[in-house]
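Structure file coords-v7.csv; described as CSV, C-alpha atoms.
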chain,number,residue,atom,x,y,z
A,128,MET,CA,0.0,0.0,0.0
A,129,LYS,CA,1.3,3.4,-0.9
A,130,ALA,CA,0.3,6.9,0.3
A,131,ALA,CA,1.3,10.3,-0.8
A,132,VAL,CA,1.2,13.2,1.6
A,133,LEU,CA,1.2,16.7,0.1
A,134,GLN,CA,3.4,19.6,1.4
A,135,PHE,CA,2.4,23.2,0.9
A,136,PRO,CA,4.2,26.3,2.2
A,137,GLY,CA,2.7,26.6,5.7
A,138,SER,CA,1.8,22.9,6.1
A,139,ASN,CA,2.5,21.8,9.7
A,140,CYS,CA,0.8,18.5,10.0
A,141,ASP,CA,2.3,16.7,7.1
A,142,ARG,CA,4.8,14.8,9.3
A,143,ASP,CA,2.0,13.7,11.6
A,144,MET,CA,0.0,12.4,8.7
A,145,VAL,CA,3.0,10.5,7.3
A,146,GLU,CA,3.3,8.8,10.7
A,147,GLY,CA,-0.4,8.0,10.8
A,148,PHE,CA,-0.2,6.2,7.4
A,149,ARG,CA,3.1,4.5,8.3
A,150,GLY,CA,1.6,3.2,11.5
A,151,ALA,CA,-1.1,1.4,9.5
A,152,GLY,CA,1.5,-0.2,7.2
A,153,PHE,CA,1.7,2.3,4.3
A,154,ASP,CA,4.8,3.2,2.4
A,155,VAL,CA,4.6,7.0,2.3
A,156,ALA,CA,6.0,9.5,-0.2
A,157,THR,CA,5.9,13.3,0.4
A,158,VAL,CA,4.9,15.4,-2.6
A,159,TRP,CA,5.7,19.1,-3.0
A,160,HIS,CA,3.0,21.5,-4.0
A,161,LYS,CA,4.8,22.5,-7.3
A,162,ASP,CA,4.9,18.9,-8.5
A,163,THR,CA,2.5,18.2,-11.4
A,164,THR,CA,2.2,14.4,-11.0
A,165,LEU,CA,1.7,11.9,-8.1
A,166,PRO,CA,4.1,9.0,-7.7
A,167,ASP,CA,3.2,5.8,-9.5
A,168,GLY,CA,1.2,3.2,-7.7
A,169,ILE,CA,-0.4,5.6,-5.1
A,170,ASP,CA,-3.5,4.2,-3.3
A,171,ILE,CA,-4.4,7.3,-1.3
A,172,VAL,CA,-3.4,11.0,-1.1
A,173,GLY,CA,-3.3,12.8,2.2
A,174,VAL,CA,-3.9,16.6,2.2
A,175,PRO,CA,-2.6,17.7,5.6
A,176,GLY,CA,-3.5,20.5,8.1
A,177,GLY,CA,-1.6,23.7,8.7
A,178,PHE,CA,-1.8,27.1,7.1
A,179,SER,CA,-1.1,26.6,3.4
A,180,TYR,CA,0.2,29.8,1.8
A,181,GLY,CA,-0.4,31.6,5.1
A,182,ASP,CA,-4.2,31.2,4.7
A,183,TYR,CA,-4.3,34.3,2.5
A,184,LEU,CA,-7.6,34.9,0.7
A,185,ARG,CA,-9.8,32.1,2.0
A,186,CYS,CA,-8.2,29.2,3.9
A,187,GLY,CA,-7.2,26.6,1.3
A,188,ALA,CA,-8.1,28.8,-1.7
A,189,ILE,CA,-4.5,29.3,-3.0
A,190,ALA,CA,-3.5,25.7,-2.3
A,191,ALA,CA,-6.5,24.6,-4.3
A,192,GLN,CA,-4.9,26.2,-7.4
A,193,SER,CA,-1.5,24.7,-6.9
A,194,PRO,CA,-0.1,22.4,-9.6
A,195,ILE,CA,-0.3,19.2,-7.6
A,196,MET,CA,-4.0,19.6,-6.8
A,197,ARG,CA,-4.9,19.2,-10.5
A,198,ALA,CA,-3.3,15.7,-10.3
A,199,VAL,CA,-5.1,15.0,-7.0
A,200,ALA,CA,-8.5,16.0,-8.6
A,201,ASP,CA,-7.8,13.7,-11.5
A,202,PHE,CA,-6.8,10.9,-9.1
A,203,ALA,CA,-10.1,11.4,-7.2
A,204,VAL,CA,-12.1,11.3,-10.5
A,205,TRP,CA,-10.4,8.0,-11.4
A,206,GLY,CA,-11.6,6.5,-8.1
A,207,GLY,CA,-8.5,7.2,-5.9
A,208,HIS,CA,-8.8,7.7,-2.2
A,209,VAL,CA,-8.2,11.1,-0.7
A,210,LEU,CA,-8.0,12.2,3.0
A,211,GLY,CA,-8.1,15.9,3.8
A,212,VAL,CA,-7.7,17.0,7.4
A,213,CYS,CA,-8.3,20.5,8.8
A,214,ASN,CA,-6.6,22.8,6.2
A,215,GLY,CA,-6.7,19.8,3.9
A,216,PHE,CA,-10.5,19.7,4.3
A,217,GLN,CA,-10.6,23.4,3.4
A,218,VAL,CA,-8.5,22.7,0.3
A,219,LEU,CA,-10.9,19.8,-0.8
A,220,CYS,CA,-13.9,22.1,-0.5
A,221,GLU,CA,-12.1,24.8,-2.4
A,222,THR,CA,-11.4,22.4,-5.3
A,223,ARG,CA,-15.1,21.2,-5.1
A,224,MET,CA,-14.0,17.6,-4.5
A,225,LEU,CA,-16.3,18.0,-1.5
A,226,PRO,CA,-19.4,20.2,-1.0
A,227,GLY,CA,-19.7,23.1,1.4
A,228,VAL,CA,-17.4,25.7,2.8
A,229,LEU,CA,-15.4,26.2,5.9
A,230,MET,CA,-15.9,29.6,7.6
A,231,ARG,CA,-14.6,31.4,10.7
A,232,ASN,CA,-15.5,29.8,14.0
A,233,ALA,CA,-18.8,31.1,15.4
A,234,ARG,CA,-17.0,32.9,18.3
A,235,LEU,CA,-14.1,34.0,16.0
A,236,LYS,CA,-11.6,32.3,18.2
A,237,PHE,CA,-9.0,29.6,17.5
A,238,VAL,CA,-9.9,26.4,19.3
A,239,CYS,CA,-7.4,23.7,20.2
A,240,ARG,CA,-8.4,20.8,22.4
A,241,THR,CA,-9.5,17.2,22.2
A,242,GLU,CA,-13.1,17.0,21.2
A,243,PRO,CA,-15.7,14.2,21.4
A,244,LEU,CA,-16.9,13.1,18.0
A,245,ILE,CA,-19.8,10.9,17.0
A,246,VAL,CA,-19.2,8.5,14.2
A,247,ALA,CA,-22.2,9.2,11.9
A,248,THR,CA,-21.6,6.3,9.5
A,249,SER,CA,-19.4,3.2,9.4
A,250,ASP,CA,-20.1,2.7,5.7
A,251,SER,CA,-16.9,4.0,4.2
A,252,PRO,CA,-13.3,2.8,3.8
A,253,PHE,CA,-12.3,5.4,6.4
A,254,THR,CA,-14.9,4.7,9.1
A,255,ARG,CA,-15.5,0.9,8.7
A,256,ALA,CA,-13.5,0.1,11.9
A,257,TYR,CA,-15.9,2.2,14.0
A,258,GLU,CA,-19.6,1.6,14.8
A,259,ALA,CA,-22.2,4.2,13.8
A,260,GLY,CA,-23.1,6.2,16.9
A,261,GLN,CA,-19.7,5.4,18.6
A,262,GLN,CA,-18.1,8.4,20.4
A,263,ILE,CA,-14.4,8.9,19.9
A,264,GLU,CA,-11.9,11.5,21.1
A,265,ILE,CA,-10.0,13.4,18.5
A,266,PRO,CA,-8.0,16.7,18.7
A,267,ILE,CA,-9.1,19.8,16.9
A,268,ALA,CA,-7.0,22.9,16.2
A,269,HIS,CA,-8.6,25.5,13.9
A,270,HIS,CA,-9.9,29.0,13.5
A,271,ASP,CA,-11.9,28.4,10.3
A,272,GLY,CA,-13.7,25.1,11.0
A,273,ASN,CA,-17.3,26.3,10.8
A,274,TYR,CA,-18.7,24.0,8.1
A,275,GLN,CA,-21.6,25.4,6.2
A,276,ILE,CA,-23.7,24.0,3.4
A,277,ASP,CA,-27.0,25.1,1.8
A,278,ASP,CA,-30.4,23.3,2.5
A,279,ASP,CA,-30.3,21.2,-0.6
A,280,GLY,CA,-26.7,20.1,0.0
A,281,LEU,CA,-27.5,19.1,3.6
A,282,VAL,CA,-30.5,17.1,2.4
A,283,ALA,CA,-28.2,15.3,0.0
A,284,LEU,CA,-25.5,14.6,2.6
A,285,ARG,CA,-28.1,13.1,4.9
A,286,GLY,CA,-30.0,11.2,2.3
A,287,GLU,CA,-26.8,9.6,0.9
A,288,ASP,CA,-25.3,8.9,4.4
A,289,ARG,CA,-22.3,11.1,3.6
A,290,ILE,CA,-21.8,12.7,6.9
A,291,ALA,CA,-18.9,10.9,8.4
A,292,PHE,CA,-18.5,12.5,11.8
A,293,THR,CA,-20.4,15.0,13.9
A,294,TYR,CA,-19.4,17.0,17.0
A,295,ALA,CA,-20.9,15.8,20.3
A,296,ASP,CA,-20.5,19.4,21.6
A,297,ASN,CA,-20.2,21.8,18.6
A,298,PRO,CA,-17.1,23.9,19.1
A,299,ASN,CA,-17.3,26.1,16.0
A,300,GLY,CA,-20.9,26.6,14.8
A,301,SER,CA,-20.8,24.0,12.0
A,302,ARG,CA,-24.2,23.3,10.5
A,303,ALA,CA,-25.8,20.1,11.8
A,304,ASP,CA,-22.7,19.7,14.0
A,305,ILE,CA,-20.8,18.3,11.0
A,306,ALA,CA,-17.2,17.5,11.5
A,307,GLY,CA,-16.5,15.5,8.4
A,308,VAL,CA,-18.1,14.6,5.1
A,309,LEU,CA,-17.6,12.0,2.3
A,310,SER,CA,-17.7,12.4,-1.5
A,311,ALA,CA,-20.5,10.8,-3.5
A,312,ASN,CA,-18.3,7.8,-4.2
A,313,ARG,CA,-17.3,7.6,-0.5
A,314,ARG,CA,-13.6,7.6,-1.4
A,315,VAL,CA,-12.8,11.2,-0.4
A,316,LEU,CA,-13.1,12.2,3.2
A,317,GLY,CA,-12.6,15.7,4.6
A,318,MET,CA,-12.7,16.4,8.3
A,319,MET,CA,-11.6,19.2,10.6
A,320,PRO,CA,-10.5,17.1,13.6
A,321,HIS,CA,-7.0,15.5,13.4
A,322,PRO,CA,-7.1,11.7,13.5
A,323,GLU,CA,-3.3,11.7,12.8
A,324,ARG,CA,-2.8,13.3,16.2
A,325,ALA,CA,-4.5,10.5,17.9
A,326,VAL,CA,-2.6,7.4,16.9
A,327,GLU,CA,-0.1,7.1,19.7
A,328,ALA,CA,-1.0,6.5,23.4
A,329,ALA,CA,1.9,8.7,24.4
A,330,HIS,CA,0.2,11.6,22.7
A,331,GLY,CA,-3.0,11.2,24.7
A,332,GLY,CA,-5.1,8.8,22.8
A,333,THR,CA,-5.4,6.3,19.9
A,334,ASP,CA,-9.0,6.9,18.7
A,335,GLY,CA,-7.6,8.1,15.3
A,336,ALA,CA,-5.7,4.9,14.6
A,337,PRO,CA,-8.7,2.8,13.5
A,338,LEU,CA,-9.3,5.3,10.6
A,339,PHE,CA,-5.9,4.6,9.1
A,340,ALA,CA,-6.2,0.8,9.9
A,341,ALA,CA,-9.6,0.7,8.3
A,342,LEU,CA,-8.4,2.3,5.2
A,343,ALA,CA,-5.5,-0.1,4.9
A,344,GLY,CA,-7.8,-3.0,5.4
A,345,ALA,CA,-10.2,-1.7,2.7
A,346,LEU,CA,-7.3,-1.3,0.2
A,347,VAL,CA,-6.0,-4.8,0.9
A,348,ALA,CA,-9.5,-6.3,0.5
A,349,ALA,CA,-9.9,-4.4,-2.8
Write the structure described by the file as structure tokens, please.
Amino acid sequence: MKAAVLQFPGSNCDRDMVEGFRGAGFDVATVWHKDTTLPDGIDIVGVPGGFSYGDYLRCGAIAAQSPIMRAVADFAVWGGHVLGVCNGFQVLCETRMLPGVLMRNARLKFVCRTEPLIVATSDSPFTRAYEAGQQIEIPIAHHDGNYQIDDDGLVALRGEDRIAFTYADNPNGSRADIAGVLSANRRVLGMMPHPERAVEAAHGGTDGAPLFAALAGALVAA
């Protein structure tokens, strides 16, 4: 199994994501934002958290226009798996690989703490190791994590079971408490909380590890 983790100017969670994938048995390559192609044989692309391009304009807006994101968009169209976390989720929304937008937190303050999440669906390669309704503890660290989507979009997400995670105690004003969503083919996941920061007991918890393990299992089974 092979994963590629992107690096933008201002990324600061790329190393964490690399270790998350490695802990689940992936060989991992890092890919610079100016590259125009992904390495051969990649099974999944990780779009990490941080402050890509300094979060100028809208968060993720400049990164969405970087050369490598054209390759990632094509990879997703061809059925590849993509995981975007925090700033990575913002980038995926800006590229329209996922619906909705991420706005400033409702209280206009940066929030950084471990947050209880509810697994909204176990029907995806990313969430299959959890049970629907299960509560897990995953760190958050964001200023622009307020997920918003219009009425029709929310109806579609609910009707197609594409809400992956919700907040047990909404920290940012996200509509319907949404913390993560899936693409229509269920192979692209964007989420604001950081599962890659919850894969080592020494870091305070391991509730993020099943996400990477589930993905590895799904790829092996395929």
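Near region 342-344 of chain A, within 9 Å and counting only C-alpha atoms, sit Met128, Phe148, Ala151, Gly152, Phe153, Ser251, Pro252, Phe253, Thr254, Arg255, Ala256, Pro337 and Ala349 of chain A; same-chain residues fewer than 5 positions away were not included.
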Output file for the residues above (C-alpha atoms, as a CSV table (one decimal), keeping the file's coordinate frame):
chain,number,residue,atom,x,y,z
A,128,MET,CA,0.0,0.0,0.0
A,148,PHE,CA,-0.2,6.2,7.4
A,151,ALA,CA,-1.1,1.4,9.5
A,152,GLY,CA,1.5,-0.2,7.2
A,153,PHE,CA,1.7,2.3,4.3
A,251,SER,CA,-16.9,4.0,4.2
A,252,PRO,CA,-13.3,2.8,3.8
A,253,PHE,CA,-12.3,5.4,6.4
A,254,THR,CA,-14.9,4.7,9.1
A,255,ARG,CA,-15.5,0.9,8.7
A,256,ALA,CA,-13.5,0.1,11.9
A,337,PRO,CA,-8.7,2.8,13.5
A,349,ALA,CA,-9.9,-4.4,-2.8
Point to revise | For Asn139 (chain A), the nearest of the candidates A:Cys220, A:Leu284, A:Met230, A:Cys213, counting all atoms listed in the file | key: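 Of A:Cys220, A:Leu284, A:Met230, A:Cys213, the one nearest Asn139 (chain A) is A:Cys213, counting all atoms listed in the file.
Compared by their closest atoms to Arg234 (chain A), and using only C-alpha atoms, the residues A:Asp250, A:Asp271, A:Asp201, A:Asp141 rank with A:Asp271 nearest.
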Check your understanding: Using only C-alpha atoms, which residues sit within 8 Å of Ile290 (chain A) once same-chain residues fewer than 3 positions away are excluded, as a list in words?
Key ->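 Residues near the query, excluding close chain neighbours: Ala247, Thr248, Leu284, Arg285, Thr293, Ile305, Gly307, Val308 and Leu309 of chain A.
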Review point. In Å, with one decimal, what is the gap from CA of Thr333 (chain A) to CA of Ile263 (chain A)?
Key: 9.4 Å
Point to revise | Residue with smallest distance to Val172 (chain A) - pool A:Arg289, A:Lys129, A:His321, A:Arg185, counting only C-alpha atoms | key: A:Lys129
